[in-house]
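With PDB, C-alpha atoms inside, this is final_24.pdb:
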ATOM      1  CA  MET A 171     -22.824  -1.514   8.103  1.00  0.00           C
ATOM      2  CA  ALA A 172     -22.218  -3.080  11.552  1.00  0.00           C
ATOM      3  CA  ARG A 173     -20.361  -0.923  14.063  1.00  0.00           C
ATOM      4  CA  SER A 174     -17.418  -3.318  14.177  1.00  0.00           C
ATOM      5  CA  ALA A 175     -17.025  -3.217  10.393  1.00  0.00           C
ATOM      6  CA  LEU A 176     -17.223   0.587  10.336  1.00  0.00           C
ATOM      7  CA  ILE A 177     -14.608   0.862  13.083  1.00  0.00           C
ATOM      8  CA  VAL A 178     -12.255  -1.378  11.100  1.00  0.00           C
ATOM      9  CA  LEU A 179     -12.819   0.779   7.992  1.00  0.00           C
ATOM     10  CA  ILE A 180     -12.004   3.992   9.856  1.00  0.00           C
ATOM     11  CA  ALA A 181      -8.930   2.393  11.393  1.00  0.00           C
ATOM     12  CA  MET A 182      -7.727   1.460   7.919  1.00  0.00           C
ATOM     13  CA  LEU A 183      -8.271   5.050   6.751  1.00  0.00           C
ATOM     14  CA  ALA A 184      -6.595   6.533   9.835  1.00  0.00           C
ATOM     15  CA  THR A 185      -4.676   4.034  10.000  1.00  0.00           C
ATOM     16  CA  ALA A 186       4.248   1.575   4.034  1.00  0.00           C
ATOM     17  CA  CYS A 187      22.363   1.436   2.362  1.00  0.00           C
ATOM     18  CA  SER A 188      23.137   2.546  -1.081  1.00  0.00           C
ATOM     19  CA  SER A 189      26.411   4.373  -1.664  1.00  0.00           C
ATOM     20  CA  GLU A 190      26.601   7.689  -3.471  1.00  0.00           C
ATOM     21  CA  ALA A 191      26.356   7.260  -7.216  1.00  0.00           C
ATOM     22  CA  PRO A 192      26.566   9.576 -10.219  1.00  0.00           C
ATOM     23  CA  ALA A 193      23.281  11.141 -11.254  1.00  0.00           C
ATOM     24  CA  THR A 194      22.229  12.443 -14.645  1.00  0.00           C
ATOM     25  CA  GLU A 195      20.993  16.007 -14.756  1.00  0.00           C
ATOM     26  CA  ALA A 196      18.488  17.289 -17.325  1.00  0.00           C
ATOM     27  CA  GLY A 197      21.206  18.290 -19.815  1.00  0.00           C
ATOM     28  CA  GLY A 198      22.921  14.929 -19.809  1.00  0.00           C
ATOM     29  CA  GLN A 199      25.808  16.065 -17.568  1.00  0.00           C
ATOM     30  CA  GLY A 200      26.985  13.788 -14.763  1.00  0.00           C
ATOM     31  CA  ASN A 201      26.754  15.117 -11.225  1.00  0.00           C
ATOM     32  CA  SER A 202      27.358  13.690  -7.773  1.00  0.00           C
ATOM     33  CA  SER A 203      24.153  13.572  -5.714  1.00  0.00           C
ATOM     34  CA  PRO A 204      23.546  12.973  -2.003  1.00  0.00           C
ATOM     35  CA  ASP A 205      22.445   9.545  -0.805  1.00  0.00           C
ATOM     36  CA  PRO A 206      18.916   9.739   0.690  1.00  0.00           C
ATOM     37  CA  VAL A 207      19.303   6.441   2.584  1.00  0.00           C
ATOM     38  CA  ARG A 208      22.448   7.685   4.317  1.00  0.00           C
ATOM     39  CA  ALA A 209      20.826  11.079   5.012  1.00  0.00           C
ATOM     40  CA  LEU A 210      17.775   9.414   6.572  1.00  0.00           C
ATOM     41  CA  ALA A 211      19.849   7.011   8.675  1.00  0.00           C
ATOM     42  CA  SER A 212      21.765   9.926  10.188  1.00  0.00           C
ATOM     43  CA  LEU A 213      18.521  11.292  11.701  1.00  0.00           C
ATOM     44  CA  LEU A 214      16.941   8.089  12.998  1.00  0.00           C
ATOM     45  CA  SER A 215      17.922   8.711  16.585  1.00  0.00           C
ATOM     46  CA  GLU A 216      15.803   8.543  19.711  1.00  0.00           C
ATOM     47  CA  GLY A 217      13.551  11.526  20.344  1.00  0.00           C
ATOM     48  CA  ARG A 218      13.861  13.078  16.881  1.00  0.00           C
ATOM     49  CA  GLY A 219      11.257  13.319  14.178  1.00  0.00           C
ATOM     50  CA  VAL A 220       9.755  15.022  11.143  1.00  0.00           C
ATOM     51  CA  THR A 221       6.678  17.112  10.368  1.00  0.00           C
ATOM     52  CA  VAL A 222       4.408  15.849   7.589  1.00  0.00           C
ATOM     53  CA  ALA A 223       1.444  17.038   5.530  1.00  0.00           C
ATOM     54  CA  GLU A 224      -0.258  14.616   3.116  1.00  0.00           C
ATOM     55  CA  HIS A 225      -2.960  15.244   0.529  1.00  0.00           C
ATOM     56  CA  GLN A 226      -4.806  12.080  -0.483  1.00  0.00           C
ATOM     57  CA  GLU A 227      -7.204  11.355  -3.342  1.00  0.00           C
ATOM     58  CA  THR A 228      -9.284   8.336  -4.368  1.00  0.00           C
ATOM     59  CA  GLN A 229     -11.031   8.035  -7.730  1.00  0.00           C
ATOM     60  CA  VAL A 230     -13.405   5.281  -8.882  1.00  0.00           C
ATOM     61  CA  GLU A 231     -14.102   4.857 -12.599  1.00  0.00           C
ATOM     62  CA  GLY A 232     -12.537   8.290 -13.158  1.00  0.00           C
ATOM     63  CA  ASP A 233     -14.806  10.083 -10.672  1.00  0.00           C
ATOM     64  CA  GLU A 234     -13.619  11.476  -7.345  1.00  0.00           C
ATOM     65  CA  LEU A 235     -14.721   9.331  -4.403  1.00  0.00           C
ATOM     66  CA  ASN A 236     -12.792  11.016  -1.621  1.00  0.00           C
ATOM     67  CA  GLN A 237      -9.997  13.429  -0.847  1.00  0.00           C
ATOM     68  CA  GLY A 238      -8.489  14.638   2.382  1.00  0.00           C
ATOM     69  CA  GLU A 239      -5.541  15.898   4.373  1.00  0.00           C
ATOM     70  CA  ARG A 240      -3.300  14.459   7.090  1.00  0.00           C
ATOM     71  CA  LYS A 241      -1.000  16.650   9.156  1.00  0.00           C
ATOM     72  CA  GLY A 242       1.167  16.025  12.175  1.00  0.00           C
ATOM     73  CA  THR A 243       4.497  14.922  13.590  1.00  0.00           C
ATOM     74  CA  ILE A 244       6.269  11.570  13.461  1.00  0.00           C
ATOM     75  CA  LEU A 245       8.702  10.180  16.020  1.00  0.00           C
ATOM     76  CA  LEU A 246      11.533   8.330  14.297  1.00  0.00           C
ATOM     77  CA  SER A 247      13.600   5.325  15.356  1.00  0.00           C
ATOM     78  CA  PRO A 248      16.349   3.239  13.696  1.00  0.00           C
ATOM     79  CA  SER A 249      13.642   1.048  12.140  1.00  0.00           C
ATOM     80  CA  GLY A 250      11.631   3.984  10.838  1.00  0.00           C
ATOM     81  CA  VAL A 251       8.431   5.069  12.583  1.00  0.00           C
ATOM     82  CA  GLU A 252       8.332   4.767  16.365  1.00  0.00           C
ATOM     83  CA  GLY A 253       5.102   6.727  16.789  1.00  0.00           C
ATOM     84  CA  PHE A 254       3.084   9.672  15.522  1.00  0.00           C
ATOM     85  CA  ASP A 255       0.431  12.278  16.256  1.00  0.00           C
ATOM     86  CA  VAL A 256      -1.577  12.945  13.098  1.00  0.00           C
ATOM     87  CA  THR A 257      -4.910  14.657  12.416  1.00  0.00           C
ATOM     88  CA  MET A 258      -6.944  13.593   9.382  1.00  0.00           C
ATOM     89  CA  LYS A 259      -9.936  15.158   7.627  1.00  0.00           C
ATOM     90  CA  THR A 260     -11.559  13.750   4.485  1.00  0.00           C
ATOM     91  CA  ASP A 261     -14.693  14.414   2.445  1.00  0.00           C
ATOM     92  CA  LEU A 262     -16.256  11.241   3.870  1.00  0.00           C
ATOM     93  CA  MET A 263     -15.918  12.445   7.470  1.00  0.00           C
ATOM     94  CA  ASP A 264     -18.082  15.062   9.197  1.00  0.00           C
ATOM     95  CA  SER A 265     -15.293  15.971  11.616  1.00  0.00           C
ATOM     96  CA  ALA A 266     -11.541  15.570  11.907  1.00  0.00           C
ATOM     97  CA  SER A 267      -9.985  12.460  13.423  1.00  0.00           C
ATOM     98  CA  ARG A 268      -6.782  12.429  15.473  1.00  0.00           C
ATOM     99  CA  SER A 269      -4.524   9.387  15.822  1.00  0.00           C
ATOM    100  CA  VAL A 270      -1.711   9.043  18.358  1.00  0.00           C
ATOM    101  CA  ALA A 271       0.559   6.011  18.071  1.00  0.00           C
ATOM    102  CA  LEU A 272       2.765   5.351  21.059  1.00  0.00           C
ATOM    103  CA  GLY A 273       4.185   2.183  22.597  1.00  0.00           C
ATOM    104  CA  PRO A 274       2.072  -0.894  21.733  1.00  0.00           C
ATOM    105  CA  HIS A 275      -1.082   1.074  20.943  1.00  0.00           C
ATOM    106  CA  THR A 276      -2.681   3.586  18.598  1.00  0.00           C
ATOM    107  CA  TYR A 277      -5.342   5.881  20.047  1.00  0.00           C
ATOM    108  CA  GLN A 278      -8.033   7.539  17.942  1.00  0.00           C
ATOM    109  CA  SER A 279     -10.346  10.420  18.771  1.00  0.00           C
ATOM    110  CA  GLY A 280     -12.985  12.300  16.802  1.00  0.00           C
ATOM    111  CA  GLY A 281     -14.434  11.460  13.406  1.00  0.00           C
ATOM    112  CA  PRO A 282     -16.914   8.572  13.077  1.00  0.00           C
ATOM    113  CA  VAL A 283     -15.130   6.608  15.801  1.00  0.00           C
ATOM    114  CA  GLY A 284     -15.692   9.469  18.233  1.00  0.00           C
ATOM    115  CA  GLU A 285     -19.446   9.188  17.698  1.00  0.00           C
ATOM    116  CA  MET A 286     -19.422   5.535  18.785  1.00  0.00           C
ATOM    117  CA  LEU A 287     -17.438   5.873  21.985  1.00  0.00           C
ATOM    118  CA  PRO A 288     -19.117   5.051  25.302  1.00  0.00           C
ATOM    119  CA  LYS A 289     -20.218   7.975  27.455  1.00  0.00           C
ATOM    120  CA  GLY A 290     -17.310   9.675  29.185  1.00  0.00           C
ATOM    121  CA  LYS A 291     -14.690   8.269  26.806  1.00  0.00           C
ATOM    122  CA  LYS A 292     -12.797  10.361  24.257  1.00  0.00           C
ATOM    123  CA  TRP A 293     -10.336   7.863  22.762  1.00  0.00           C
ATOM    124  CA  MET A 294     -10.492   4.391  21.215  1.00  0.00           C
ATOM    125  CA  GLN A 295      -7.410   2.220  21.741  1.00  0.00           C
ATOM    126  CA  TRP A 296      -6.109  -0.136  19.040  1.00  0.00           C
ATOM    127  CA  PRO A 297      -3.217  -2.602  19.292  1.00  0.00           C
ATOM    128  CA  SER A 298      -0.284  -1.628  17.057  1.00  0.00           C
ATOM    129  CA  GLU A 299       3.411  -2.357  16.986  1.00  0.00           C
ATOM    130  CA  PRO A 300       6.234   0.189  16.646  1.00  0.00           C
ATOM    131  CA  GLY A 301       8.018  -0.324  13.348  1.00  0.00           C
ATOM    132  CA  LYS A 302       4.912  -1.894  11.782  1.00  0.00           C
ATOM    133  CA  ARG A 303       2.580   1.074  11.518  1.00  0.00           C
ATOM    134  CA  SER A 304       2.227   4.010   9.188  1.00  0.00           C
ATOM    135  CA  PRO A 305       0.431   7.363   9.518  1.00  0.00           C
ATOM    136  CA  PHE A 306       0.103   7.725   5.740  1.00  0.00           C
ATOM    137  CA  PHE A 307      -2.484   7.007   3.074  1.00  0.00           C
ATOM    138  CA  SER A 308       0.376   6.175   0.699  1.00  0.00           C
ATOM    139  CA  PRO A 309       1.666   2.574   0.873  1.00  0.00           C
ATOM    140  CA  VAL A 310       5.236   3.870   0.425  1.00  0.00           C
ATOM    141  CA  LEU A 311       6.686   4.564   3.873  1.00  0.00           C
ATOM    142  CA  ILE A 312      10.043   6.094   2.950  1.00  0.00           C
ATOM    143  CA  LEU A 313      10.738   6.762   6.631  1.00  0.00           C
ATOM    144  CA  GLU A 314      11.771   3.099   6.809  1.00  0.00           C
ATOM    145  CA  PRO A 315      15.379   2.781   5.571  1.00  0.00           C
ATOM    146  CA  SER A 316      14.608  -0.593   3.953  1.00  0.00           C
ATOM    147  CA  THR A 317      11.673   0.894   2.032  1.00  0.00           C
ATOM    148  CA  LEU A 318      13.603   3.958   0.901  1.00  0.00           C
ATOM    149  CA  LYS A 319      16.432   1.735  -0.316  1.00  0.00           C
ATOM    150  CA  ALA A 320      13.996  -0.513  -2.237  1.00  0.00           C
ATOM    151  CA  LEU A 321      12.312   2.530  -3.771  1.00  0.00           C
ATOM    152  CA  LEU A 322      15.587   4.011  -4.984  1.00  0.00           C
ATOM    153  CA  ALA A 323      16.516   0.652  -6.504  1.00  0.00           C
ATOM    154  CA  THR A 324      13.596   1.174  -8.932  1.00  0.00           C
ATOM    155  CA  GLN A 325      14.628   4.709  -9.892  1.00  0.00           C
ATOM    156  CA  GLU A 326      14.293   5.323 -13.626  1.00  0.00           C
ATOM    157  CA  ASP A 327      15.273   8.977 -13.947  1.00  0.00           C
ATOM    158  CA  GLN A 328      16.709  11.920 -12.035  1.00  0.00           C
ATOM    159  CA  LYS A 329      16.526  15.602 -12.873  1.00  0.00           C
ATOM    160  CA  ALA A 330      18.027  18.043 -10.388  1.00  0.00           C
ATOM    161  CA  ASP A 331      16.420  17.264  -7.013  1.00  0.00           C
ATOM    162  CA  MET A 332      13.607  15.063  -8.401  1.00  0.00           C
ATOM    163  CA  ARG A 333      13.815  11.283  -8.838  1.00  0.00           C
ATOM    164  CA  THR A 334      11.157   9.110 -10.491  1.00  0.00           C
ATOM    165  CA  GLY A 335      10.449   5.414 -10.826  1.00  0.00           C
ATOM    166  CA  LYS A 336       7.960   2.554 -10.402  1.00  0.00           C
ATOM    167  CA  ILE A 337       7.752  -0.188  -7.780  1.00  0.00           C
ATOM    168  CA  THR A 338       5.319  -3.065  -7.316  1.00  0.00           C
ATOM    169  CA  LEU A 339       3.310  -3.527  -4.155  1.00  0.00           C
ATOM    170  CA  ALA A 340       4.926  -6.958  -3.857  1.00  0.00           C
ATOM    171  CA  ALA A 341       8.360  -5.332  -3.710  1.00  0.00           C
ATOM    172  CA  LEU A 342       7.063  -2.876  -1.118  1.00  0.00           C
ATOM    173  CA  ALA A 343       5.681  -5.690   1.017  1.00  0.00           C
ATOM    174  CA  ALA A 344       9.072  -7.418   0.899  1.00  0.00           C
ATOM    175  CA  ALA A 345      10.900  -4.258   2.000  1.00  0.00           C
ATOM    176  CA  SER A 346       8.414  -2.532   4.303  1.00  0.00           C
ATOM    177  CA  PRO A 347       7.441  -4.018   7.695  1.00  0.00           C
ATOM    178  CA  ALA A 348       4.595  -1.504   7.970  1.00  0.00           C
ATOM    179  CA  PHE A 349       3.106  -2.310   4.559  1.00  0.00           C
ATOM    180  CA  ALA A 350       3.552  -6.055   5.048  1.00  0.00           C
ATOM    181  CA  ALA A 351       1.569  -5.795   8.299  1.00  0.00           C
ATOM    182  CA  ASP A 352      -1.271  -3.838   6.655  1.00  0.00           C
ATOM    183  CA  GLU A 353      -4.267  -6.162   6.294  1.00  0.00           C
ATOM    184  CA  SER A 354      -5.815  -3.791   3.745  1.00  0.00           C
ATOM    185  CA  ALA A 355      -2.814  -4.039   1.379  1.00  0.00           C
ATOM    186  CA  ARG A 356      -3.764  -4.435  -2.289  1.00  0.00           C
ATOM    187  CA  PRO A 357      -2.620  -7.183  -4.727  1.00  0.00           C
ATOM    188  CA  GLY A 358       1.164  -7.376  -5.063  1.00  0.00           C
ATOM    189  CA  THR A 359       1.249  -7.120  -8.860  1.00  0.00           C
ATOM    190  CA  LEU A 360      -0.027  -3.535  -8.849  1.00  0.00           C
ATOM    191  CA  VAL A 361       2.566  -0.905  -9.773  1.00  0.00           C
ATOM    192  CA  VAL A 362       3.141   2.320  -7.849  1.00  0.00           C
ATOM    193  CA  ALA A 363       4.518   5.263  -9.846  1.00  0.00           C
ATOM    194  CA  TRP A 364       6.542   7.590  -7.628  1.00  0.00           C
ATOM    195  CA  GLN A 365       8.259  10.972  -7.653  1.00  0.00           C
ATOM    196  CA  MET A 366      10.551  12.090  -4.842  1.00  0.00           C
ATOM    197  CA  TRP A 367      12.233  15.438  -4.259  1.00  0.00           C
ATOM    198  CA  VAL A 368      15.177  15.786  -1.861  1.00  0.00           C
ATOM    199  CA  ASP A 369      16.987  18.694  -0.227  1.00  0.00           C
ATOM    200  CA  PRO A 370      20.745  19.340  -0.656  1.00  0.00           C
ATOM    201  CA  LYS A 371      21.475  16.858   2.142  1.00  0.00           C
ATOM    202  CA  GLY A 372      19.451  14.129   0.422  1.00  0.00           C
ATOM    203  CA  LEU A 373      16.509  14.220   2.842  1.00  0.00           C
ATOM    204  CA  PRO A 374      13.092  13.776   1.197  1.00  0.00           C
ATOM    205  CA  ILE A 375      11.023  16.952   1.096  1.00  0.00           C
ATOM    206  CA  ARG A 376       8.168  15.658  -1.080  1.00  0.00           C
ATOM    207  CA  LEU A 377       6.871  12.259  -2.199  1.00  0.00           C
ATOM    208  CA  VAL A 378       4.097  11.731  -4.762  1.00  0.00           C
ATOM    209  CA  THR A 379       2.751   8.218  -5.322  1.00  0.00           C
ATOM    210  CA  GLU A 380      -0.043   6.867  -7.502  1.00  0.00           C
ATOM    211  CA  TYR A 381      -1.333   3.409  -8.331  1.00  0.00           C
ATOM    212  CA  ALA A 382      -4.511   1.874  -9.743  1.00  0.00           C
ATOM    213  CA  ASP A 383      -6.448  -1.376  -9.468  1.00  0.00           C
ATOM    214  CA  PRO A 384      -8.810  -2.033 -12.406  1.00  0.00           C
ATOM    215  CA  LYS A 385     -10.435  -4.887 -10.442  1.00  0.00           C
ATOM    216  CA  ALA A 386     -11.024  -3.089  -7.144  1.00  0.00           C
ATOM    217  CA  PRO A 387     -14.329  -3.906  -5.359  1.00  0.00           C
ATOM    218  CA  LEU A 388     -15.928  -0.537  -6.171  1.00  0.00           C
ATOM    219  CA  GLY A 389     -14.665  -0.536  -9.771  1.00  0.00           C
ATOM    220  CA  ALA A 390     -11.421   0.675 -11.342  1.00  0.00           C
ATOM    221  CA  THR A 391      -9.842   2.666  -8.527  1.00  0.00           C
ATOM    222  CA  THR A 392      -6.868   5.037  -8.395  1.00  0.00           C
ATOM    223  CA  TRP A 393      -5.122   6.140  -5.203  1.00  0.00           C
ATOM    224  CA  ARG A 394      -2.884   9.213  -5.137  1.00  0.00           C
ATOM    225  CA  SER A 395      -0.833  10.726  -2.324  1.00  0.00           C
ATOM    226  CA  ASP A 396       1.298  13.865  -2.083  1.00  0.00           C
ATOM    227  CA  ILE A 397       3.373  14.149   1.108  1.00  0.00           C
ATOM    228  CA  ALA A 398       5.483  17.125   2.202  1.00  0.00           C
ATOM    229  CA  PHE A 399       8.249  16.614   4.792  1.00  0.00           C
ATOM    230  CA  SER A 400       9.732  19.409   6.914  1.00  0.00           C
ATOM    231  CA  ALA A 401      11.531  20.079  10.232  1.00  0.00           C
ATOM    232  CA  TRP A 402      13.712  16.987   9.874  1.00  0.00           C
ATOM    233  CA  GLY A 403      15.494  16.011  13.084  1.00  0.00           C
ATOM    234  CA  GLU A 404      13.531  18.292  15.407  1.00  0.00           C
ATOM    235  CA  PRO A 405      12.749  16.956  18.905  1.00  0.00           C
ATOM    236  CA  VAL A 406       9.376  15.167  19.123  1.00  0.00           C
ATOM    237  CA  THR A 407       7.555  14.180  22.314  1.00  0.00           C
ATOM    238  CA  LEU A 408       4.398  12.068  22.164  1.00  0.00           C
ATOM    239  CA  GLU A 409       1.944  11.572  25.029  1.00  0.00           C
ATOM    240  CA  ALA A 410      -0.742   8.915  25.417  1.00  0.00           C
ATOM    241  CA  PRO A 411      -4.254  10.172  26.283  1.00  0.00           C
ATOM    242  CA  PRO A 412      -5.314  10.007  29.953  1.00  0.00           C
ATOM    243  CA  ALA A 413      -6.254   6.397  30.789  1.00  0.00           C
ATOM    244  CA  LYS A 414      -9.649   7.443  32.176  1.00  0.00           C
ATOM    245  CA  LEU A 415     -10.632   8.764  28.727  1.00  0.00           C
ATOM    246  CA  VAL A 416      -9.559   5.630  26.815  1.00  0.00           C
ATOM    247  CA  THR A 417     -11.641   2.571  25.935  1.00  0.00           C
ATOM    248  CA  THR A 418     -11.293  -0.548  23.815  1.00  0.00           C
ATOM    249  CA  ASP A 419     -15.092  -0.947  23.499  1.00  0.00           C
ATOM    250  CA  SER A 420     -17.454   0.912  21.193  1.00  0.00           C
TER     251      SER A 420
END
As a first step, turn the structure in this file into structure tokens.
Amino acid sequence: MARSALIVLIAMLATACSSEAPATEAGGQGNSSPDPVRALASLLSEGRGVTVAEHQETQVEGDELNQGERKGTILLSPSGVEGFDVTMKTDLMDSASRSVALGPHTYQSGGPVGEMLPKGKKWMQWPSEPGKRSPFFSPVLILEPSTLKALLATQEDQKADMRTGKITLAALAAASPAFAADESARPGTLVVAWQMWVDPKGLPIRLVTEYADPKAPLGATTWRSDIAFSAWGEPVTLEAPPAKLVTTDS
């Protein structure tokens, strides 16, 4: 594989208001539940963020191809994701990779990209746009109010603090600026099954998504993500790497 193609692949890897309504609990009794869209909107202020931990899995023809973890902090804005600092490690990587998204760029260090950097450089710089980037493996970026609202519109069931449903990738692309901008996005007819847990305020604390493509290039492929959210609304400060350590050339 050419270096440029490998760099693009790694970038893709490193690299998606309702009112309160009655909910049905597991015994059939009606109960008022908090509105996650309203809860999220209340925290999308400058300088605040959320801590995340994602477990990702990819299976091809029923066999595990790859699994990994992403952990870090995300800086929020009224549109969703302003920036992030996330470290990723997967079975297909010999070492961890760190991505920092800030301003009009995303910077990546370590992992396969780190092995290709020119001498004296520690970071590769990629162009990226605030509000159109995601730190997650999952295509469902519920940190975007528009995406969270679209997801909840497909809700099929609710039991206590867990909601479930299904949404197509086409519907996600229509609602999510980050997913719509993702050049690696899969066919729009595919269906994502989702489960979301919220805290008493309505803020998401866990999101599980899974979808499959029987005609994927490597064979029938399934992608699964399990994201935990914590420390909602805590101050987050991101810093770009020193300019002397950054390059745009491999």
With all atoms listed in the file as the counted atoms, please give the residues lying no more than 9 Å from A:Thr260, apart from itself and same-chain residues fewer than 3 positions off, as a VMD selection string. chain A and resid 226 236 to 240 263 to 266
Would you kindly translate the PyMOL selection byres ((chain A and resi 331) around 8) into the concrete residues it picks from this file, as a CSV table (one decimal) with C-alpha atoms, keeping the file's coordinate frame?
chain,number,residue,atom,x,y,z
A,328,GLN,CA,16.7,11.9,-12.0
A,329,LYS,CA,16.5,15.6,-12.9
A,330,ALA,CA,18.0,18.0,-10.4
A,332,MET,CA,13.6,15.1,-8.4
A,333,ARG,CA,13.8,11.3,-8.8
A,367,TRP,CA,12.2,15.4,-4.3
A,368,VAL,CA,15.2,15.8,-1.9
A,369,ASP,CA,17.0,18.7,-0.2
A,370,PRO,CA,20.7,19.3,-0.7
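If you count all atoms listed in the file and ignore residues fewer than 5 places along the chain from stretch 392-398 of chain A, what sits within 7 Å of it is Val222, Ala223, Glu224, His225, Gln226, Glu227, Thr228, Gln229, Val230, Phe307, Ser308, Ile375, Arg376, Leu377, Val378, Thr379, Glu380, Tyr381, Ala382 and Asp383 of chain A.
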Dump C-alpha atoms for the selected residues as a compact mmCIF listing (two decimals), keeping the file's coordinate frame?
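Result file follows (out.txt):
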# COMPACT_ATOMS: atom_id res chain seq x y z
CA VAL A 222 4.41 15.85 7.59
CA ALA A 223 1.44 17.04 5.53
CA GLU A 224 -0.26 14.62 3.12
CA HIS A 225 -2.96 15.24 0.53
CA GLN A 226 -4.81 12.08 -0.48
CA GLU A 227 -7.20 11.36 -3.34
CA THR A 228 -9.28 8.34 -4.37
CA GLN A 229 -11.03 8.04 -7.73
CA VAL A 230 -13.40 5.28 -8.88
CA PHE A 307 -2.48 7.01 3.07
CA SER A 308 0.38 6.18 0.70
CA ILE A 375 11.02 16.95 1.10
CA ARG A 376 8.17 15.66 -1.08
CA LEU A 377 6.87 12.26 -2.20
CA VAL A 378 4.10 11.73 -4.76
CA THR A 379 2.75 8.22 -5.32
CA GLU A 380 -0.04 6.87 -7.50
CA TYR A 381 -1.33 3.41 -8.33
CA ALA A 382 -4.51 1.87 -9.74
CA ASP A 383 -6.45 -1.38 -9.47
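You can rank A:Val361, A:Ala320, A:Leu373, A:Met366 by their closest distance to A:Thr334 using only C-alpha atoms, and at the top of that list sits A:Met366.
Compared by their closest atoms to A:Thr276, and using only C-alpha atoms, the residues A:Leu262, A:Leu311, A:Leu214, A:Val256 rank with A:Val256 nearest.
Look at A:Leu313: the protein and nucleic acid residues within 8 Å of it, using only C-alpha atoms and passing over chain neighbours fewer than 5 places away, are Leu210, Leu246, Gly250, Val251 and Leu318 of chain A.
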Pairwise distance, atom CA of A:Gly242 with atom CA of A:Ala271, equals 11.6 Å
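Nearest residue to A:Phe306, choosing from A:Leu213, A:Leu388, A:Val207, A:Ile244 and counting all atoms listed in the file: A:Ile244.
Near A:Phe349, within a cut-off of 10 Å and counting all atoms listed in the file, sit the residues Ala186, Lys302, Arg303, Ser304, Ser308, Pro309, Val310, Leu311, Thr317, Leu339, Ala340, Leu342, Ala343, Ala355 and Arg356 of chain A, with same-chain residues fewer than 6 positions away left out.
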For A:Gly284, which residue out of A:Thr359, A:Thr324, A:Ser249, A:Thr417 is the nearest one, using only C-alpha atoms? A:Thr417
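Under the PyMOL selection byres ((chain A and resi 401) around 9), the matching residues in the shown file are Gly219, Val220, Thr221, Val222, Phe399, Ser400, Trp402, Gly403 and Glu404 of chain A.
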In Å, with one decimal, what is the gap from atom CA of A:Leu287 to atom CA of A:Gly301? 27.6 Å
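Comparing A:Ala344, A:Lys414, A:Val270, A:Pro297 by their smallest distance to A:Lys319, the closest is A:Ala344 (using all atoms listed in the file).
Between atom CA of A:Phe254 and atom CA of A:Trp296 the interatomic distance comes to 13.9 Å.
Among A:Pro405, A:Asp327, A:Gly372, A:Pro387, the residue with the shortest atom-to-atom distance to A:Pro204, counting all atoms listed in the file, is A:Gly372.
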Using the file's own x, y and z axes, what box holds all listed atoms of stretch 232-236 of chain A with 5 Å on each side, keeping edges along x, y and z, and what are its centre and edge lengths in Å to one decimal, as AutoDock Vina command-line options?
--center_x -13.7 --center_y 9.9 --center_z -7.4 --size_x 12.3 --size_y 13.2 --size_z 21.5
